[in-house]
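Coordinates as given in input_25.cif (mmCIF, C-alpha atoms and all ligand atoms):
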data_upload
#
loop_
_atom_site.label_atom_id
_atom_site.label_comp_id
_atom_site.auth_asym_id
_atom_site.auth_seq_id
_atom_site.Cartn_x
_atom_site.Cartn_y
_atom_site.Cartn_z
CA MET A 16 29.65 6.49 60.56
CA LEU A 17 26.13 7.40 59.56
CA ALA A 18 27.14 10.97 58.83
CA THR A 19 29.95 9.72 56.58
CA ARG A 20 27.54 7.43 54.76
CA LEU A 21 25.03 10.24 54.28
CA ARG A 22 27.74 12.49 52.91
CA ASN A 23 29.00 9.72 50.64
CA PRO A 24 25.97 8.06 49.08
CA LEU A 25 28.20 6.98 46.20
CA ARG A 26 30.53 5.11 48.54
CA SER A 27 27.68 3.24 50.23
CA THR A 28 26.22 2.31 46.79
CA LEU A 29 29.63 1.05 45.72
CA SER A 30 30.13 -1.07 48.82
CA LYS A 31 26.69 -2.63 48.36
CA SER A 32 27.23 -3.47 44.70
CA ALA A 33 30.70 -4.77 45.49
CA ASN A 34 29.11 -7.80 47.23
CA PRO A 35 28.73 -10.45 44.47
CA LEU A 36 27.12 -12.88 46.95
CA GLY A 37 24.02 -10.71 47.24
CA ARG A 38 22.88 -11.54 43.70
CA THR A 39 23.67 -15.33 44.05
CA TYR A 40 21.64 -15.58 47.26
CA ALA A 41 18.62 -13.89 45.69
CA SER A 42 18.71 -16.18 42.63
CA ALA A 43 19.00 -19.37 44.69
CA SER A 44 16.03 -18.58 46.92
CA SER A 45 13.76 -17.89 43.94
CA GLY A 46 14.32 -21.45 42.72
CA GLY A 47 13.09 -23.09 45.97
CA GLY A 48 9.30 -23.08 45.29
CA SER A 49 8.91 -26.90 44.88
CA ASN A 50 10.11 -27.53 48.49
CA LEU A 51 7.44 -25.26 50.00
CA PRO A 52 5.25 -27.95 51.76
CA LEU A 53 8.36 -29.51 53.31
CA ILE A 54 9.62 -26.12 54.54
CA LEU A 55 6.22 -25.17 55.99
CA GLY A 56 6.02 -28.52 57.81
CA ALA A 57 9.48 -28.10 59.29
CA ALA A 58 8.66 -24.53 60.34
CA GLY A 59 5.44 -25.76 62.02
CA LEU A 60 7.34 -28.39 64.00
CA LEU A 61 9.95 -25.82 65.04
CA GLY A 62 7.17 -23.41 66.06
CA LEU A 63 5.45 -26.07 68.21
CA GLY A 64 8.79 -27.00 69.80
CA GLY A 65 9.48 -23.31 70.49
CA TYR A 66 6.05 -22.86 72.09
CA VAL A 67 6.60 -25.85 74.45
CA TYR A 68 10.10 -24.52 75.32
CA LEU A 69 8.74 -21.05 76.13
CA GLN A 70 5.97 -22.49 78.34
CA ARG A 71 8.59 -24.33 80.37
CA ASN A 72 10.97 -21.30 80.57
CA PRO A 73 8.77 -18.21 81.18
CA GLU A 74 11.81 -16.01 82.14
CA ILE A 75 12.60 -15.92 78.41
CA PHE A 76 9.67 -13.48 77.95
CA GLY A 77 11.42 -10.96 80.24
CA LYS A 78 14.62 -11.33 78.23
CA ILE A 79 12.74 -10.82 74.95
CA ASP A 80 11.11 -7.66 76.36
CA ALA A 81 14.51 -6.30 77.46
CA LEU A 82 15.92 -7.10 74.02
CA LYS A 83 12.97 -5.31 72.36
CA GLN A 84 13.56 -2.21 74.54
CA ASP A 85 17.23 -2.28 73.65
CA VAL A 86 16.52 -2.51 69.91
CA LYS A 87 13.94 0.31 70.20
CA ALA A 88 16.41 2.58 72.05
CA LYS A 89 19.12 1.88 69.46
CA ALA A 90 16.71 2.63 66.59
CA GLU A 91 15.69 5.93 68.28
CA GLY A 92 19.37 6.84 68.77
CA LEU A 93 20.13 6.15 65.10
CA GLU A 94 17.13 8.22 63.99
CA ALA A 95 18.27 11.17 66.18
CA GLU A 96 21.78 10.86 64.72
CA ARG A 97 20.35 10.79 61.18
CA LYS A 98 18.22 13.89 61.85
CA ALA A 99 21.12 15.80 63.42
CA SER A 100 23.47 14.91 60.62
CA SER A 101 20.99 15.76 57.86
CA SER A 102 20.19 19.16 59.37
CA GLU A 103 23.92 19.83 59.74
CA ASN A 104 24.39 18.80 56.10
CA SER A 105 21.58 20.99 54.92
CA LEU A 106 23.11 24.05 56.62
CA ALA A 107 26.90 24.00 56.46
CA ALA A 108 28.34 24.51 53.01
CA LEU A 109 32.01 24.30 53.99
CA ILE A 110 33.64 20.98 54.84
CA LYS A 111 36.67 20.93 57.17
CA ASP A 112 38.59 18.13 55.52
CA SER A 113 37.59 18.28 51.85
CA TRP A 114 37.56 20.81 49.08
CA VAL A 115 34.23 22.02 47.69
CA PRO A 116 33.81 24.18 44.57
CA PHE A 117 31.72 27.35 44.91
CA LYS A 118 30.60 29.30 41.86
CA LEU A 119 31.58 32.96 41.58
CA THR A 120 28.40 34.97 41.02
CA ARG A 121 29.55 38.58 41.37
CA VAL A 122 32.74 40.63 41.18
CA GLU A 123 32.70 44.23 42.44
CA PRO A 124 35.82 46.36 42.06
CA TYR A 125 36.61 47.93 45.46
CA ASN A 126 39.65 50.08 44.69
CA HIS A 127 42.65 50.13 42.35
CA ASN A 128 43.85 46.60 43.34
CA THR A 129 41.07 45.00 45.39
CA LYS A 130 37.73 43.41 44.51
CA ILE A 131 34.83 41.88 46.41
CA TYR A 132 34.04 38.35 45.21
CA THR A 133 30.64 36.79 45.98
CA PHE A 134 30.31 33.00 45.74
CA ASP A 135 27.14 30.90 45.69
CA ILE A 136 27.34 28.31 48.49
CA GLY A 137 23.87 26.87 47.92
CA GLU A 138 20.42 28.14 48.80
CA ASN A 139 19.79 28.25 52.56
CA LYS A 140 23.34 27.08 53.30
CA VAL A 141 25.71 29.02 55.56
CA ALA A 142 29.50 29.07 55.58
CA GLY A 143 29.54 28.17 59.29
CA GLY A 144 32.50 28.68 61.61
CA GLU A 145 33.13 30.29 64.99
CA VAL A 146 35.14 33.50 65.35
CA ALA A 147 38.04 33.58 64.71
CA TYR A 148 38.30 31.41 61.60
CA VAL A 149 39.57 31.46 58.02
CA VAL A 150 38.70 29.55 54.86
CA LEU A 151 41.31 28.00 52.64
CA VAL A 152 41.10 28.70 48.93
CA LYS A 153 42.75 27.01 45.93
CA PRO A 154 42.26 27.13 42.15
CA ASP A 155 39.64 24.99 40.46
CA GLY A 156 42.32 23.09 38.53
CA ASP A 157 46.05 22.35 38.73
CA GLU A 158 47.31 25.88 38.03
CA PRO A 159 48.72 28.09 39.51
CA LYS A 160 51.15 25.90 41.43
CA ASP A 161 53.23 26.54 44.56
CA ASP A 162 56.99 25.94 44.84
CA LYS A 163 56.38 22.20 45.47
CA GLY A 164 54.31 21.81 42.31
CA ASN A 165 50.94 21.61 44.11
CA PRO A 166 47.99 23.93 43.44
CA VAL A 167 48.61 27.06 45.53
CA ILE A 168 46.53 27.39 48.70
CA ARG A 169 45.96 30.64 50.65
CA PRO A 170 43.87 31.58 53.72
CA TYR A 171 41.16 34.25 53.50
CA THR A 172 38.73 35.75 55.99
CA ALA A 173 35.24 36.22 54.61
CA ILE A 174 33.72 39.66 55.05
CA SER A 175 30.25 38.05 55.04
CA SER A 176 29.04 36.58 58.33
CA SER A 177 29.23 32.82 58.92
CA GLU A 178 25.42 32.93 59.28
CA ASP A 179 24.70 34.66 55.95
CA LYS A 180 22.56 32.36 53.84
CA GLY A 181 23.54 31.26 50.35
CA ILE A 182 26.73 33.32 49.91
CA ILE A 183 30.30 33.82 51.01
CA LYS A 184 32.01 37.16 50.26
CA LEU A 185 35.76 37.68 50.04
CA LEU A 186 37.59 40.98 49.79
CA ILE A 187 40.82 40.16 47.98
CA LYS A 188 43.73 42.41 47.18
CA GLU A 189 45.68 41.48 44.06
CA TYR A 190 49.47 41.23 44.25
CA LYS A 191 50.70 41.42 40.64
CA THR A 192 53.73 39.30 41.56
CA GLY A 193 51.76 36.99 43.88
CA LYS A 194 50.95 33.36 43.10
CA LEU A 195 47.20 33.08 43.69
CA THR A 196 45.70 36.57 43.59
CA PRO A 197 46.38 37.32 39.87
CA TYR A 198 44.50 34.06 39.11
CA ILE A 199 41.59 35.06 41.39
CA ALA A 200 41.53 38.54 39.83
CA SER A 201 41.16 36.93 36.38
CA LEU A 202 38.03 34.94 37.37
CA THR A 203 34.68 35.93 35.95
CA PRO A 204 31.17 35.05 37.19
CA GLY A 205 30.30 31.45 36.39
CA GLN A 206 33.78 30.13 37.22
CA ASN A 207 34.59 28.15 40.37
CA LEU A 208 37.08 28.42 43.20
CA GLN A 209 37.76 25.56 45.62
CA PHE A 210 37.12 26.15 49.35
CA LYS A 211 37.91 24.25 52.53
CA GLY A 212 37.20 25.06 56.17
CA PRO A 213 36.31 26.71 58.40
CA ILE A 214 39.73 26.61 60.08
CA GLN A 215 39.45 28.02 63.59
CA LYS A 216 42.36 30.23 64.64
CA PHE A 217 41.14 30.64 68.23
CA LYS A 218 37.80 30.83 70.00
CA TYR A 219 36.84 34.38 70.90
CA GLU A 220 35.35 34.59 74.40
CA PRO A 221 33.52 37.84 75.23
CA ASN A 222 35.01 39.77 78.17
CA SER A 223 38.06 37.49 78.30
CA ILE A 224 40.12 40.72 77.99
CA ASP A 225 39.40 44.37 78.92
CA ARG A 226 41.01 45.91 75.84
CA GLY A 227 42.10 44.53 72.48
CA LEU A 228 44.62 46.10 70.12
CA CYS A 229 44.45 45.04 66.46
CA ILE A 230 47.46 45.95 64.32
CA ALA A 231 46.71 45.28 60.66
CA GLY A 232 48.50 45.91 57.40
CA GLY A 233 46.80 46.03 53.97
CA SER A 234 44.53 43.03 53.32
CA GLY A 235 45.38 41.77 56.84
CA ILE A 236 42.41 43.91 57.87
CA THR A 237 39.75 41.24 57.16
CA PRO A 238 40.49 39.09 60.27
CA MET A 239 40.16 42.28 62.36
CA TRP A 240 36.84 43.07 60.69
CA GLN A 241 35.56 39.60 61.59
CA LEU A 242 36.80 39.84 65.21
CA ILE A 243 35.71 43.39 66.03
CA THR A 244 32.29 43.30 64.32
CA HIS A 245 31.58 40.01 66.09
CA SER A 246 32.55 41.43 69.50
CA LEU A 247 30.51 44.61 68.97
CA LYS A 248 27.44 42.56 68.10
CA LEU A 249 27.54 40.55 71.36
CA PRO A 250 25.28 42.37 73.85
CA GLU A 251 27.13 41.02 76.90
CA ASP A 252 30.62 41.91 75.58
CA LYS A 253 32.23 45.02 77.07
CA THR A 254 35.69 44.62 75.46
CA LYS A 255 37.13 47.90 74.13
CA TRP A 256 38.99 47.85 70.81
CA THR A 257 41.74 49.93 69.23
CA LEU A 258 42.46 49.30 65.56
CA VAL A 259 45.81 50.46 64.17
CA PHE A 260 45.48 50.07 60.42
CA CYS A 261 48.63 50.56 58.30
CA ASN A 262 48.71 51.19 54.56
CA VAL A 263 51.02 52.64 51.95
CA GLU A 264 48.67 55.39 50.78
CA GLU A 265 45.20 56.66 51.62
CA LYS A 266 43.73 54.94 48.54
CA ASP A 267 44.82 51.56 49.95
CA ILE A 268 42.70 51.78 53.11
CA LEU A 269 40.17 48.94 52.86
CA LEU A 270 36.68 49.20 54.41
CA ARG A 271 37.44 52.78 55.56
CA LYS A 272 33.84 53.97 55.31
CA GLU A 273 32.66 50.90 57.24
CA TRP A 274 35.31 51.35 59.97
CA ASP A 275 34.50 55.05 60.40
CA GLN A 276 30.80 54.25 60.63
CA LEU A 277 31.43 51.50 63.20
CA ALA A 278 33.64 53.76 65.34
CA LYS A 279 30.96 56.46 65.21
CA SER A 280 28.21 54.09 66.31
CA HIS A 281 30.34 52.54 69.12
CA PRO A 282 32.36 55.51 70.46
CA ASP A 283 32.87 53.86 73.85
CA ARG A 284 34.08 50.55 72.41
CA LEU A 285 36.06 51.21 69.23
CA GLU A 286 38.71 53.66 68.09
CA VAL A 287 40.32 53.48 64.67
CA LYS A 288 43.80 54.87 63.97
CA TYR A 289 45.07 54.98 60.41
CA VAL A 290 48.80 54.87 59.69
CA LEU A 291 50.26 55.68 56.25
CA ASP A 292 53.72 55.13 54.80
CA LYS A 293 53.17 58.14 52.54
CA SER A 294 50.78 60.64 54.04
CA PRO A 295 49.27 63.54 52.10
CA TRP A 296 49.51 67.15 53.20
CA GLY A 297 47.15 67.80 56.13
CA TRP A 298 46.93 64.09 57.13
CA LYS A 299 45.59 63.77 60.68
CA GLY A 300 46.63 60.17 61.29
CA GLU A 301 50.04 58.63 61.94
CA THR A 302 52.86 58.38 59.40
CA GLY A 303 55.67 55.82 59.05
CA PHE A 304 56.27 52.27 60.20
CA VAL A 305 54.77 51.01 63.46
CA THR A 306 57.26 51.65 66.26
CA PRO A 307 57.13 50.96 70.02
CA SER A 308 56.53 54.66 70.70
CA MET A 309 53.66 54.78 68.18
CA ILE A 310 52.05 51.74 69.86
CA SER A 311 52.36 53.22 73.37
CA LYS A 312 50.91 56.51 72.14
CA LEU A 313 47.89 54.86 70.46
CA PHE A 314 47.38 52.10 73.05
CA PRO A 315 48.92 53.03 76.43
CA LYS A 316 49.63 50.01 78.60
CA GLY A 317 47.82 49.85 81.95
CA ASP A 318 47.07 47.24 84.61
CA ASP A 319 44.05 45.85 82.76
CA LYS A 320 43.93 42.63 80.76
CA VAL A 321 44.90 43.23 77.15
CA LYS A 322 45.65 41.27 74.00
CA VAL A 323 47.26 42.34 70.74
CA TYR A 324 46.20 40.75 67.43
CA VAL A 325 48.54 41.18 64.46
CA CYS A 326 47.88 40.44 60.77
CA GLY A 327 49.74 41.88 57.82
CA PRO A 328 52.61 41.35 55.40
CA PRO A 329 55.37 39.12 56.87
CA GLY A 330 57.77 42.10 57.16
CA GLN A 331 55.31 44.05 59.28
CA VAL A 332 54.39 41.07 61.49
CA LYS A 333 58.11 40.47 62.08
CA ALA A 334 58.80 44.11 63.03
CA VAL A 335 55.77 44.38 65.31
CA ALA A 336 55.60 40.96 66.99
CA GLY A 337 58.36 38.72 65.60
CA PRO A 338 57.93 36.22 62.74
CA LYS A 339 55.52 33.30 62.92
CA ASP A 340 57.20 29.90 63.11
CA GLY A 341 55.31 28.19 60.26
CA MET A 342 51.86 27.42 61.67
CA LYS A 343 53.12 28.07 65.22
CA GLN A 344 53.04 31.50 66.89
CA GLY A 345 56.81 31.82 67.31
CA GLU A 346 58.43 33.94 69.98
CA VAL A 347 57.24 37.50 70.60
CA THR A 348 60.00 39.89 69.53
CA GLY A 349 60.03 43.28 67.80
CA ALA A 350 58.12 46.34 69.01
CA LEU A 351 55.71 44.41 71.26
CA LYS A 352 58.53 42.59 73.04
CA GLU A 353 60.24 45.93 73.61
CA LEU A 354 57.07 47.18 75.26
CA GLY A 355 56.93 44.14 77.57
CA TYR A 356 54.10 42.19 75.93
CA THR A 357 54.19 38.44 76.67
CA SER A 358 53.27 35.55 74.35
CA GLU A 359 49.89 35.21 76.18
CA GLU A 360 49.16 38.82 75.25
CA VAL A 361 49.93 38.52 71.53
CA PHE A 362 48.25 36.60 68.71
CA LYS A 363 49.74 36.49 65.20
CA TYR A 364 47.22 35.42 62.54
C1 LIG B 401 44.60 34.85 58.57
C2 LIG B 401 44.76 35.46 57.21
C3 LIG B 401 43.66 35.99 56.56
C4 LIG B 401 43.80 36.59 55.33
N1 LIG B 401 42.70 37.15 54.73
C5 LIG B 401 42.84 37.79 53.57
C6 LIG B 401 41.70 38.43 52.94
O1 LIG B 401 40.58 38.36 53.43
N2 LIG B 401 41.92 39.10 51.78
C7 LIG B 401 43.16 39.17 51.18
O2 LIG B 401 43.28 39.80 50.12
N3 LIG B 401 44.23 38.55 51.75
C8 LIG B 401 44.10 37.87 52.90
N4 LIG B 401 45.17 37.23 53.44
C9 LIG B 401 46.42 37.14 52.66
C10 LIG B 401 46.35 35.95 51.68
O3 LIG B 401 46.33 34.74 52.39
C11 LIG B 401 47.52 35.89 50.69
O4 LIG B 401 48.70 35.92 51.40
C12 LIG B 401 47.47 37.03 49.69
O5 LIG B 401 46.25 37.00 48.98
C13 LIG B 401 48.61 36.95 48.68
O6 LIG B 401 48.56 35.73 48.00
P1 LIG B 401 49.35 35.52 46.63
O7 LIG B 401 49.49 34.03 46.44
O8 LIG B 401 48.75 36.25 45.50
O9 LIG B 401 50.72 36.20 46.89
P2 LIG B 401 52.12 35.55 47.37
O10 LIG B 401 52.65 34.68 46.32
O11 LIG B 401 51.92 34.95 48.71
O12 LIG B 401 52.98 36.86 47.49
C14 LIG B 401 52.50 38.04 48.15
C15 LIG B 401 53.47 39.20 47.95
O13 LIG B 401 54.67 38.92 48.60
C16 LIG B 401 55.73 38.87 47.67
N5 LIG B 401 56.58 37.76 48.05
C17 LIG B 401 56.27 36.45 47.98
N6 LIG B 401 57.30 35.71 48.46
C18 LIG B 401 58.26 36.60 48.82
C19 LIG B 401 59.54 36.47 49.38
N7 LIG B 401 60.07 35.29 49.66
N8 LIG B 401 60.25 37.61 49.63
C20 LIG B 401 59.74 38.81 49.36
N9 LIG B 401 58.52 39.00 48.84
C21 LIG B 401 57.80 37.91 48.57
C22 LIG B 401 55.10 38.67 46.32
O14 LIG B 401 55.89 39.15 45.28
C23 LIG B 401 53.82 39.44 46.48
O15 LIG B 401 54.03 40.80 46.28
C24 LIG B 401 45.06 36.64 54.68
C25 LIG B 401 46.17 36.08 55.32
C26 LIG B 401 46.03 35.49 56.57
C27 LIG B 401 47.23 34.91 57.24
#

Starting from the file, lay out its structure as structure tokens.
Amino acid sequence: MLATRLRNPLRSTLSKSANPLGRTYASASSGGGSNLPLILGAAGLLGLGGYVYLQRNPEIFGKIDALKQDVKAKAEGLEAERKASSSENSLAALIKDSWVPFKLTRVEPYNHNTKIYTFDIGENKVAGGEVAYVVLVKPDGDEPKDDKGNPVIRPYTAISSSEDKGIIKLLIKEYKTGKLTPYIASLTPGQNLQFKGPIQKFKYEPNSIDRGLCIAGGSGITPMWQLITHSLKLPEDKTKWTLVFCNVEEKDILLRKEWDQLAKSHPDRLEVKYVLDKSPWGWKGETGFVTPSMISKLFPKGDDKVKVYVCGPPGQVKAVAGPKDGMKQGEVTGALKELGYTSEEVFKY
């Protein structure tokens, strides 16, 4: 209640001013000055009566004390709630159930079709959110629209950490025939984009599995970046990771330098395998679509506890793990089913 009021000062002002009786009451009392002696006399009599009553019923004092304690405890509780809610407000920039505009401050071209977009989320504010989560993004206006005529909404995974102060960074690949990304690619610093979230996909628990396999295609790499970098930063986490990252050509590989660096600094916990549709002469990685035999070669199945995370274009997700059923996971089919993976062992983003 209090948190809602604090977030909506306008609403609480409106509800106060919507009470026409407030003004009438104030005006009436200001006109009562001539009855003052009468009122004071009556109050005196009431006070004397009250004193006599209290003398005859001393247990009332105990009740008053209990009431005072109760009021004090309630006031302390409200103050604690106010403090908690104001510190929460001063930190988290994203709101789960409403859209907030963030201003684009920087655009850095990354490669031939991808850029890094930095948004100002307010000084000292953080995006918030627990791994694994996404943010929802929509245009700052009515266009572009989806098939139902509503502004188009898409999920993105920030490449900045949820604890980074003042900014949120998105790495976004433009699809020339896509609905939202040509609009985002046309934005220049100073313009806004609407954000909502964080939307938690699942809660990552360190050491809940022995080995994780991430199969990503194209811009589906950002959820894997969030998951793996988070796991590698946790000192108690021993989970080992294999990333199978599929792209059309070498120039499409996003965050390649960062992945190679990470694998080098965590040789016992991370291995990165690149897969290309069209590989150049001398290519040392894999070539072609992801098949069951490619998966077993790169991530042999053992008796340990494993989980496979999949994020990529719908065609790839379908071939590897079966299509998602709207927001639901859908049955596991495709290459992973062929290899005997169960629905508990597969997560489709
Ligand atoms: C968990 C998650 C995290 C993501 N994070 C990121 C991220 O950090 N960065 C990023 O760039 N993307 C990310 N994405 C992808 C992102 O949400 C969008 O899907 C992407 O940006 C494309 O949006 P769009 O509206 O421009 O394209 P869309 O309109 O969705 O179209 C995408 C492509 O598919 C084609 N297409 C559309 N419909 C059909 C159809 N029916 N049949 C055949 N082809 C079709 C289009 O022509 C286009 O080439 C993420 C997705 C998920 C699920």

Closest contacts (chain A/ligand LIG 401 (chain B), max 7 Å, all atoms listed in the file) as a tab-separated table:
residue	atom	partner	partner_atom	distance
A:Val149	CA	B:LIG401	C1	6.1
A:Arg169	CA	B:LIG401	O3	4.5
A:Pro170	CA	B:LIG401	O3	4.2
A:Tyr171	CA	B:LIG401	N1	3.5
A:Thr172	CA	B:LIG401	O1	4.1
A:Ala173	CA	B:LIG401	O1	5.9
A:Leu185	CA	B:LIG401	O1	5.9
A:Leu186	CA	B:LIG401	N2	5.1
A:Ile187	CA	B:LIG401	O2	3.3
A:Lys188	CA	B:LIG401	O2	4.0
A:Glu189	CA	B:LIG401	O8	6.2
A:Tyr190	CA	B:LIG401	O15	5.0
A:Lys191	CA	B:LIG401	O15	6.6
A:Thr192	CA	B:LIG401	O14	4.3
A:Gly193	CA	B:LIG401	O9	3.3
A:Lys194	CA	B:LIG401	O7	3.7
A:Leu195	CA	B:LIG401	O7	3.7
A:Thr196	CA	B:LIG401	O8	3.6
A:Pro197	CA	B:LIG401	O8	6.2
A:Ser234	CA	B:LIG401	C7	4.6
A:Gly235	CA	B:LIG401	C24	5.6
A:Thr237	CA	B:LIG401	O1	4.8
A:Pro238	CA	B:LIG401	C3	5.8
A:Cys326	CA	B:LIG401	C27	6.6
A:Tyr364	CA	B:LIG401	C1	4.8

Produce a file of the selected residues containing C-alpha atoms, as a compact mmCIF listing (two decimals), in the coordinates of the input.
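The resulting out-v8.txt:
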# COMPACT_ATOMS: atom_id res chain seq x y z
CA VAL A 149 39.57 31.46 58.02
CA ARG A 169 45.96 30.64 50.65
CA PRO A 170 43.87 31.58 53.72
CA TYR A 171 41.16 34.25 53.50
CA THR A 172 38.73 35.75 55.99
CA ALA A 173 35.24 36.22 54.61
CA LEU A 185 35.76 37.68 50.04
CA LEU A 186 37.59 40.98 49.79
CA ILE A 187 40.82 40.16 47.98
CA LYS A 188 43.73 42.41 47.18
CA GLU A 189 45.68 41.48 44.06
CA TYR A 190 49.47 41.23 44.25
CA LYS A 191 50.70 41.42 40.64
CA THR A 192 53.73 39.30 41.56
CA GLY A 193 51.76 36.99 43.88
CA LYS A 194 50.95 33.36 43.10
CA LEU A 195 47.20 33.08 43.69
CA THR A 196 45.70 36.57 43.59
CA PRO A 197 46.38 37.32 39.87
CA SER A 234 44.53 43.03 53.32
CA GLY A 235 45.38 41.77 56.84
CA THR A 237 39.75 41.24 57.16
CA PRO A 238 40.49 39.09 60.27
CA CYS A 326 47.88 40.44 60.77
CA TYR A 364 47.22 35.42 62.54

* **Nearest to Leu277 in chain A by atom-to-atom distance, counting all atoms listed in the file, from A:Leu258, A:Leu291, A:Ile224, A:Leu208** => A:Leu258

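In this model, the gap between CA of Gly355 in chain A and CA of Asn262 in chain A comes to 25.4 Å.
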
* Leaving out Glu138 in chain A and any residue of its chain fewer than 3 positions from it, which residues lie within 8 Å of it when counting all atoms listed in the file, given as an MDAnalysis selection string? -> chainID A and resid 135 180:181

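The coordinates place CA of Ile182 in chain A at 27.9 Å from CA of Asp161 in chain A.
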
* So which residues touch range 249-252 of chain A within 7 Å, counting only C-alpha atoms, skipping near sequence neighbours fewer than 4 positions away, as a list in words? -> Pro221, Asn222 and His245 of chain A

* Asked: If you measure from CA of Pro204 in chain A to CA of Asn139 in chain A, what distance in Å do you get, rounded to one decimal?
  -> 20.3 Å

* Asked: Near Gln276 in chain A, counting only C-alpha atoms, which residues have an atom at most 12 Å away, once you skip same-chain residues fewer than 6 positions from it, shown as a VMD selection string?
  -> chain A and resid 244 270 282 285 to 287
